[in-house]
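Novice: The structure follows.
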Amino acid sequence: MAEKRLRVIVAKPGLDGHDRGAKIIARALRDAGFEVIYTGLHQTPEMVAEAAVQEDADAVGLSVLSGAHMTLFPEVLRLLKERGAGDVVVFGGGIIPEEDAKKLKEMGVREIFTPGASTEDIVKWVRENVHPRD
Amino acid sequence: MSTNPSDKERWLKTTYRDARERPVRFSTVSDLEIEPLYTPEDVKGDYSESIGYPGEYPYTRGPYGSMYRGRLWTMRQFAGFGLAEDTNARFHFLLSQGQDGLSTAFDMPTLMGYDADHHRARGEVGREGVSVTSIDDMMRLFDRIPLDKVTTSMTVNCSASVLLAMYLVVAERNGVPWEKVGGTIQNDMLKEFIAQKEWICPPAPSLRIVTDMIEFCAKRVPRWHPVSISGYHIREAGSTAVQELAFTIADGICYVEEAMKRGLDVDAFAPRLSFFWNIHNDFLEEVAKLRAARRMWARLMKERFGAKSPRSMTLRCHAQTAGASLTAQQPLNNIVRVAIQALAGVMGGVQSLHTNSMDETLALPTEQAVMVALRTQQIIAEETGVTNTIDPLGGSYAIEALTDRMEREAMDYIRRIDEMGGMLRAIETGYPQREIAEAAFHYQRQLEKGEKTVVGVNKYQVPEEIPIDTLRIDPVLEEKQIQRVRKMKRERNSVAVREALLRVREACRSGENLMEPICEAVRRNVTVGEISDVFREEFGVYTDPGWI
């Protein structure tokens with residue numbers, strides 16, 4: 001039987017409209033064979049966590065370019081745990097200073113990609129770090 | 001003078017020899033293929049018809065007769081962060097450094113029509129720009145700024161009607177009559193759906209609010225530019241230069257048509273329409289784009305809309321260097337990118353310019369980084385000598401051929417959009433959005449295959465980056481602003497607030513121009529979020545279709 005395709009949600013929480021990166025990542029992951037759901041813009045952390053649970057996602061990629069990452073990322077992590085989906089791999093990207101990236105990783109965000117990261121690196125990372133949930 | 005049509009071909013075959021070419025694709029950053037040489041054979045149009053003189057139709061060489069010999073462009077650095085008093089201090093600093101116009105960046109809640117104390121504003125207050133919830137904040141923001149002397153640009157779109165009303169009420173309270181108030185509000189909702197993605201209501205009612213503002217300003221605030229038709233964000237979202245040109249001009253066509261449907265004479269409002277372009281890395285392409293834009297607009301206004309006033313036909317513009325071209329890696333290199341982009345803007349004849357700071361891919365800029373960016377403009381203006389003669393690249397075979405080509409390709413897009421029933425319809429079907437996403441993906445692929453170079457990112461990388469200082473926004477200020485807004489809401493006259501909101505709601509329903517009721521609401525301390533909520537209830541909320 002064919003291996004189950006990994007399902008990744010690419011989400012844009014927060015109010016900013018910078019979706020160029022999120023859309024490119026969504027498309028690159030899709031082209032690489034993942035099942036990708038792009039939430040569209042202006043999602044609340046609740047909407048993102050709810051989508052992850054509803055869609056039974058294996059991973060959630062968050063894109064934030066408004067500077068609100070220290071509020072939005074931890075909130076998504078908390079809500080996923082609250083819904084019993086704490087094992088969903090959360091990664092993200094945006095204009096995120098290194099010291100914030102470090103703190104976010106300590107909180108449980110698995111990887112942070114910053115400007116200049118290539119889609120190949122991101123696809124490779126997802127392949128190596130995301131596995132089907134039980 | 002005659003040119004033998006075979007001359008260029010002969011030269012290509014005998015002297016140039018393709019075999020000696022480096023193994024790269026010779027194309028612009030937008031992937032427009034460029035020929036090895038341009039000659040008189042490539043410049044087809046008649047000089048007076050298609051190039052002409054500065055300040056004369058079709059304005060290819062510049063909107064004004066004397067251009068920078070008469071007056072330099074306005075150096076207008078975009079600024080805004082934290083609380084109103086923080087940004088006010090930055091404004092005074094910039095004015096003291098020789099800047100001559102203000103440009104305001106608002107934070108995401110203000111831009112999206114939420115008060116600072118709304119739950120959706122959490123983590124975003126004062127982050128990307130200044131937080132403005134009510135007239136109190138606006139009074140602090142423009143404290144000790146002479147609004148009859150300094151012109152202000154405000155980058156705000158779906159909540160623009162409220163912010164313009166606030167600016168006018170600040171003027172009123174400082175004794176400055178509206179007729180003397182000058183400036184620009186971005187207010188280009190069409191490009192929001194295409195690219196920047198800040199919206200409240202669906203496209204059609206959003207367009208109605210923009211048109212209300214064009215009409216209101218034409219009658220009451222004659223020195224104000226009620227919409228700045230923007231290619232900037234279209235380009236930042238990943239479009240090509242031709243797409244930026246085409247979609248922006250097509251947006252302009254749509255606004256003109258809407259205002260004319262109200263019965264306004266084209267010459268009564270068109271002189272106050274202005275444009276806002278992105279200036280990317282590809283020097284010649286950018287200069288050609290700016291020249292083509294002026295010629296296209298002049299021809300469209302005259303031939304399609306029957307404008308009589310030369311001021312309706314002249315495209316005047318602000319420009320900003322390309323944020324998306326800057327790199328987090330080796331950030332000092334960004335100073336060089338910005339300088340070259342700014343020079344292209346000046347060679348292209350812009351009226352106003354913002355130069356990005358080298359640290360903007362990392363955070364909001366520090367005061368030092370902003371100063372270097374402003375100095376870059378001052379060096380171009382006062383040291384390089386490029387302002388001594390008008391349109392110095394005009395007449396270059398390459399520039400004229402590229403200008404013609406950009407106009408031609410952009411007009412092809414505009415025809416396609418006309419066939420779809422105009423820009424509003426095209427946006428509703430996602431046409432420009434998809435074209436841009438496609439171009440952005442194409443460019444990303446070219447980068448990853450090494451077909452395009454970004455120095456420091458996919459070539460000439462260094463193993464260890466030297467960190468630079470960045471601006472940190474104190475998280476405490478969000479709480480401070482929330483407390484301030486709550487206190488204001490407790491203390492204001494709530495009956496007056498309710499009456500004012502009812503009037504705004506009635507105007508939404510009746511089709512009466514919204515601006516007077518919004519001005520009155522703002523005077524009574526009604527907030528950005530409260531007025532936006534009326535829009536949400538009356539016009540509905542737009543949600544992102546999430547096309548990829």
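Note on naming: chains are A, B, ... as they come in the structure tokens, residues start from 1 per chain, ligands start from 1 in the order shown.
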Give as a PDB file with N, CA and C atoms, in the first residue's frame every residue of chain B that touches chain A within 8 Å, counting only C-alpha atoms.

Specialist:
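As written to disk, iface.pdb reads:
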```pdb
ATOM      1  N   MET B 108      -0.668  47.478  12.263  1.00  0.00           N
ATOM      2  CA  MET B 108      -1.631  46.609  11.588  1.00  0.00           C
ATOM      3  C   MET B 108      -3.069  46.777  12.100  1.00  0.00           C
ATOM      4  N   PRO B 109      -3.292  46.888  13.416  1.00  0.00           N
ATOM      5  CA  PRO B 109      -4.687  47.078  13.853  1.00  0.00           C
ATOM      6  C   PRO B 109      -5.318  48.340  13.241  1.00  0.00           C
ATOM      7  N   MET B 112      -6.119  47.770   9.636  1.00  0.00           N
ATOM      8  CA  MET B 112      -7.180  46.797   9.372  1.00  0.00           C
ATOM      9  C   MET B 112      -8.497  47.188  10.034  1.00  0.00           C
ATOM     10  N   ARG B 120      -8.076  41.099  18.428  1.00  0.00           N
ATOM     11  CA  ARG B 120      -7.281  40.798  17.236  1.00  0.00           C
ATOM     12  C   ARG B 120      -6.029  41.682  17.136  1.00  0.00           C
ATOM     13  N   ARG B 122      -3.926  42.059  19.589  1.00  0.00           N
ATOM     14  CA  ARG B 122      -2.911  41.563  20.515  1.00  0.00           C
ATOM     15  C   ARG B 122      -1.582  41.238  19.834  1.00  0.00           C
ATOM     16  N   GLY B 123      -0.515  41.806  20.377  1.00  0.00           N
ATOM     17  CA  GLY B 123       0.819  41.545  19.837  1.00  0.00           C
ATOM     18  C   GLY B 123       1.168  42.421  18.648  1.00  0.00           C
ATOM     19  N   GLU B 124       0.228  43.205  18.162  1.00  0.00           N
ATOM     20  CA  GLU B 124       0.468  43.981  16.937  1.00  0.00           C
ATOM     21  C   GLU B 124       0.451  45.497  17.188  1.00  0.00           C
ATOM     22  N   ARG B 127       3.661  47.865  16.485  1.00  0.00           N
ATOM     23  CA  ARG B 127       4.775  47.027  15.997  1.00  0.00           C
ATOM     24  C   ARG B 127       5.276  47.436  14.621  1.00  0.00           C
ATOM     25  N   GLU B 128       4.370  47.463  13.664  1.00  0.00           N
ATOM     26  CA  GLU B 128       4.777  47.750  12.283  1.00  0.00           C
ATOM     27  C   GLU B 128       4.584  49.216  11.944  1.00  0.00           C
ATOM     28  N   GLN B 196      -1.553  43.917  -1.430  1.00  0.00           N
ATOM     29  CA  GLN B 196      -1.157  44.172  -0.044  1.00  0.00           C
ATOM     30  C   GLN B 196      -2.056  43.459   0.956  1.00  0.00           C
ATOM     31  N   LYS B 197      -3.308  43.222   0.563  1.00  0.00           N
ATOM     32  CA  LYS B 197      -4.223  42.372   1.325  1.00  0.00           C
ATOM     33  C   LYS B 197      -4.630  42.945   2.687  1.00  0.00           C
ATOM     34  N   GLU B 198      -4.899  44.245   2.692  1.00  0.00           N
ATOM     35  CA  GLU B 198      -5.517  44.829   3.884  1.00  0.00           C
ATOM     36  C   GLU B 198      -6.903  45.267   3.470  1.00  0.00           C
ATOM     37  N   ALA B 237       4.783  41.949  -3.962  1.00  0.00           N
ATOM     38  CA  ALA B 237       4.136  40.638  -3.925  1.00  0.00           C
ATOM     39  C   ALA B 237       4.731  39.700  -4.975  1.00  0.00           C
ATOM     40  N   GLY B 238       5.620  40.228  -5.797  1.00  0.00           N
ATOM     41  CA  GLY B 238       6.347  39.354  -6.716  1.00  0.00           C
ATOM     42  C   GLY B 238       6.043  39.532  -8.180  1.00  0.00           C
ATOM     43  N   THR B 327      18.338  42.181   1.667  1.00  0.00           N
ATOM     44  CA  THR B 327      18.665  40.867   2.213  1.00  0.00           C
ATOM     45  C   THR B 327      19.012  40.961   3.690  1.00  0.00           C
ATOM     46  N   ALA B 328      18.634  39.918   4.415  1.00  0.00           N
ATOM     47  CA  ALA B 328      19.001  39.830   5.827  1.00  0.00           C
ATOM     48  C   ALA B 328      20.493  39.500   5.940  1.00  0.00           C
ATOM     49  N   GLN B 329      21.021  38.828   4.895  1.00  0.00           N
ATOM     50  CA  GLN B 329      22.439  38.460   4.895  1.00  0.00           C
ATOM     51  C   GLN B 329      23.275  39.677   4.499  1.00  0.00           C
ATOM     52  N   THR B 361      15.012  44.307   6.593  1.00  0.00           N
ATOM     53  CA  THR B 361      14.598  42.897   6.538  1.00  0.00           C
ATOM     54  C   THR B 361      14.705  42.266   7.918  1.00  0.00           C
ATOM     55  N   LEU B 362      15.283  43.002   8.858  1.00  0.00           N
ATOM     56  CA  LEU B 362      15.470  42.443  10.195  1.00  0.00           C
ATOM     57  C   LEU B 362      14.466  42.997  11.195  1.00  0.00           C
ATOM     58  N   ALA B 363      14.124  44.269  11.047  1.00  0.00           N
ATOM     59  CA  ALA B 363      13.226  44.928  12.011  1.00  0.00           C
ATOM     60  C   ALA B 363      12.883  46.297  11.456  1.00  0.00           C
ATOM     61  N   ALA B 437       1.294  35.743  -8.443  1.00  0.00           N
ATOM     62  CA  ALA B 437       1.795  34.559  -7.729  1.00  0.00           C
ATOM     63  C   ALA B 437       2.661  33.709  -8.660  1.00  0.00           C
ATOM     64  N   ALA B 440       6.018  35.450  -9.067  1.00  0.00           N
ATOM     65  CA  ALA B 440       6.806  35.327  -7.833  1.00  0.00           C
ATOM     66  C   ALA B 440       7.433  33.937  -7.749  1.00  0.00           C
ATOM     67  N   PHE B 441       6.668  32.936  -8.124  1.00  0.00           N
ATOM     68  CA  PHE B 441       7.158  31.562  -8.061  1.00  0.00           C
ATOM     69  C   PHE B 441       8.256  31.357  -9.107  1.00  0.00           C
ATOM     70  N   GLN B 444      11.438  32.868  -7.812  1.00  0.00           N
ATOM     71  CA  GLN B 444      12.009  32.046  -6.743  1.00  0.00           C
ATOM     72  C   GLN B 444      12.739  30.833  -7.334  1.00  0.00           C
ATOM     73  N   GLU B 448      16.705  29.785  -7.115  1.00  0.00           N
ATOM     74  CA  GLU B 448      17.173  28.515  -6.567  1.00  0.00           C
ATOM     75  C   GLU B 448      17.986  27.720  -7.583  1.00  0.00           C
ATOM     76  N   VAL B 457      23.203  35.882  -0.784  1.00  0.00           N
ATOM     77  CA  VAL B 457      22.159  34.896  -0.488  1.00  0.00           C
ATOM     78  C   VAL B 457      22.397  33.599  -1.269  1.00  0.00           C
ATOM     79  N   THR B 543     -13.196  37.841   2.993  1.00  0.00           N
ATOM     80  CA  THR B 543     -12.183  36.891   3.458  1.00  0.00           C
ATOM     81  C   THR B 543     -11.327  36.425   2.283  1.00  0.00           C
ATOM     82  N   ASP B 544     -10.071  36.136   2.613  1.00  0.00           N
ATOM     83  CA  ASP B 544      -9.087  35.759   1.596  1.00  0.00           C
ATOM     84  C   ASP B 544      -9.485  34.438   0.940  1.00  0.00           C
ATOM     85  N   PRO B 545      -9.634  34.432  -0.391  1.00  0.00           N
ATOM     86  CA  PRO B 545      -9.935  33.159  -1.055  1.00  0.00           C
ATOM     87  C   PRO B 545      -8.768  32.165  -0.963  1.00  0.00           C
ATOM     88  N   GLY B 546      -7.581  32.631  -0.593  1.00  0.00           N
ATOM     89  CA  GLY B 546      -6.437  31.738  -0.368  1.00  0.00           C
ATOM     90  C   GLY B 546      -5.937  31.044  -1.619  1.00  0.00           C
ATOM     91  N   TRP B 547      -5.969  31.778  -2.753  1.00  0.00           N
ATOM     92  CA  TRP B 547      -5.434  31.198  -3.995  1.00  0.00           C
ATOM     93  C   TRP B 547      -3.926  31.007  -3.869  1.00  0.00           C
ATOM     94  N   ILE B 548      -3.421  29.863  -4.305  1.00  0.00           N
ATOM     95  CA  ILE B 548      -1.960  29.724  -4.348  1.00  0.00           C
ATOM     96  C   ILE B 548      -1.485  29.351  -5.750  1.00  0.00           C
TER      97      ILE B 548
END
```

Novice: From a DSSP calculation on the backbone, collect every residue of segment 120-180 of chain B in helix (DSSP H, G or I) and output the set as a PDB file with C-alpha atoms, in the first residue's frame.

Specialist:
```
ATOM      1  CA  ARG B 120      -7.281  40.798  17.236  1.00  0.00           C
ATOM      2  CA  ALA B 121      -4.816  43.618  17.953  1.00  0.00           C
ATOM      3  CA  ILE B 135      -8.564  61.615  17.467  1.00  0.00           C
ATOM      4  CA  ASP B 136      -6.556  61.849  20.727  1.00  0.00           C
ATOM      5  CA  ASP B 137      -3.797  59.718  19.201  1.00  0.00           C
ATOM      6  CA  MET B 138      -3.883  61.737  15.986  1.00  0.00           C
ATOM      7  CA  MET B 139      -3.525  65.020  17.941  1.00  0.00           C
ATOM      8  CA  ARG B 140      -0.412  63.615  19.640  1.00  0.00           C
ATOM      9  CA  LEU B 141       0.970  62.261  16.355  1.00  0.00           C
ATOM     10  CA  ALA B 160      -8.370  55.539   5.136  1.00  0.00           C
ATOM     11  CA  SER B 161     -11.672  57.391   5.329  1.00  0.00           C
ATOM     12  CA  VAL B 162     -11.371  57.512   9.130  1.00  0.00           C
ATOM     13  CA  LEU B 163      -7.703  58.519   9.171  1.00  0.00           C
ATOM     14  CA  LEU B 164      -8.268  61.307   6.628  1.00  0.00           C
ATOM     15  CA  ALA B 165     -11.179  62.568   8.732  1.00  0.00           C
ATOM     16  CA  MET B 166      -8.900  62.553  11.785  1.00  0.00           C
ATOM     17  CA  TYR B 167      -6.181  64.485   9.950  1.00  0.00           C
ATOM     18  CA  LEU B 168      -8.717  67.104   8.889  1.00  0.00           C
ATOM     19  CA  VAL B 169     -10.050  67.419  12.416  1.00  0.00           C
ATOM     20  CA  VAL B 170      -6.484  67.909  13.733  1.00  0.00           C
ATOM     21  CA  ALA B 171      -6.083  70.724  11.172  1.00  0.00           C
ATOM     22  CA  GLU B 172      -9.425  72.199  12.232  1.00  0.00           C
ATOM     23  CA  ARG B 173      -8.402  72.174  15.912  1.00  0.00           C
ATOM     24  CA  TRP B 178      -9.071  72.451   4.977  1.00  0.00           C
ATOM     25  CA  GLU B 179      -8.299  74.350   1.760  1.00  0.00           C
ATOM     26  CA  LYS B 180      -4.720  74.763   2.989  1.00  0.00           C
TER      27      LYS B 180
END
```

Novice: Just the strand (DSSP E) stuff from segment 240-382 of chain B, please, per backbone DSSP, written as number ranges by chain.

Specialist: B: 273-279, 317-321, 352-354

Novice: Pick out the closest residue to Gly84 of chain A from this set: A:Ala49, A:Lys105, A:Val60, A:Ile112. Count only C-alpha atoms.

Specialist: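 Between A:Ala49, A:Lys105, A:Val60, A:Ile112, the residue approaching Gly84 of chain A most closely is A:Ala49.
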
Novice: Could you list, as JSON, numbers by chain, every residue within 9 Å of segment 122-132 of chain A, counting only C-alpha atoms and ignoring same-chain residues fewer than 5 positions away?

Specialist: {"A": [4, 5, 6, 7, 25, 28, 29, 32, 57, 58, 59, 88, 89, 110, 111, 113, 117]}

Novice: Near Gly62 of chain B, counting only C-alpha atoms, which residues have an atom at most 10 Å away, once you skip same-chain residues fewer than 5 positions from it, shown as a ChimeraX atom specification?

Specialist: /B:51-57,67-68,290-291,294-295,314-316,348-351,390-391

Novice: Neighbouring residues of Arg505 of chain B were defined as those with any atom within 9 Å, considering only C-alpha atoms; residues of the same chain fewer than 2 positions away were excluded. Please report them as a list in words.

Specialist: Ala500, Leu501, Leu502, Arg503, Ala507, Cys508, Arg509, Ser510, Ile531, Val534, Phe535, Glu537 and Glu538 of chain B

Novice: Skipping near chain neighbours, those fewer than 2 positions away, what residues fall within 12 Å of Leu300 of chain B using only C-alpha atoms, listed as number ranges by chain?

Specialist: B: 57-58, 249-250, 252-254, 256-257, 270, 293-298, 302-308, 312-315, 407, 411, 414

Novice: Skipping near chain neighbours, those fewer than 3 positions away, what residues fall within 8 Å of Leu79 of chain A using only C-alpha atoms, listed as a list in words?

Specialist: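 Near Leu79 of chain A, the qualifying residues are Pro45, Glu46, Ala49, Glu75, Val76, Glu82 and Arg83 of chain A.
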
Novice: With N, CA and C atoms kept, could you save the residues just selected as a PDB file, in the first residue's frame?

Specialist:
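The resulting again.pdb:
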```pdb
ATOM      1  N   PRO A  45      -5.151  32.595  15.979  1.00  0.00           N
ATOM      2  CA  PRO A  45      -4.548  31.338  16.434  1.00  0.00           C
ATOM      3  C   PRO A  45      -5.602  30.232  16.601  1.00  0.00           C
ATOM      4  N   GLU A  46      -6.801  30.595  17.039  1.00  0.00           N
ATOM      5  CA  GLU A  46      -7.887  29.612  17.189  1.00  0.00           C
ATOM      6  C   GLU A  46      -8.222  28.976  15.843  1.00  0.00           C
ATOM      7  N   ALA A  49      -5.395  26.523  14.861  1.00  0.00           N
ATOM      8  CA  ALA A  49      -5.400  25.282  15.647  1.00  0.00           C
ATOM      9  C   ALA A  49      -6.601  24.421  15.254  1.00  0.00           C
ATOM     10  N   GLU A  75       0.729  31.100  21.129  1.00  0.00           N
ATOM     11  CA  GLU A  75      -0.713  30.900  21.252  1.00  0.00           C
ATOM     12  C   GLU A  75      -1.169  29.697  20.410  1.00  0.00           C
ATOM     13  N   VAL A  76      -0.619  29.555  19.238  1.00  0.00           N
ATOM     14  CA  VAL A  76      -0.952  28.389  18.402  1.00  0.00           C
ATOM     15  C   VAL A  76      -0.496  27.104  19.093  1.00  0.00           C
ATOM     16  N   GLU A  82      -4.076  22.165  23.898  1.00  0.00           N
ATOM     17  CA  GLU A  82      -5.396  22.170  24.525  1.00  0.00           C
ATOM     18  C   GLU A  82      -6.367  21.260  23.765  1.00  0.00           C
ATOM     19  N   ARG A  83      -6.179  21.165  22.442  1.00  0.00           N
ATOM     20  CA  ARG A  83      -7.058  20.327  21.625  1.00  0.00           C
ATOM     21  C   ARG A  83      -6.500  18.923  21.436  1.00  0.00           C
TER      22      ARG A  83
END
```
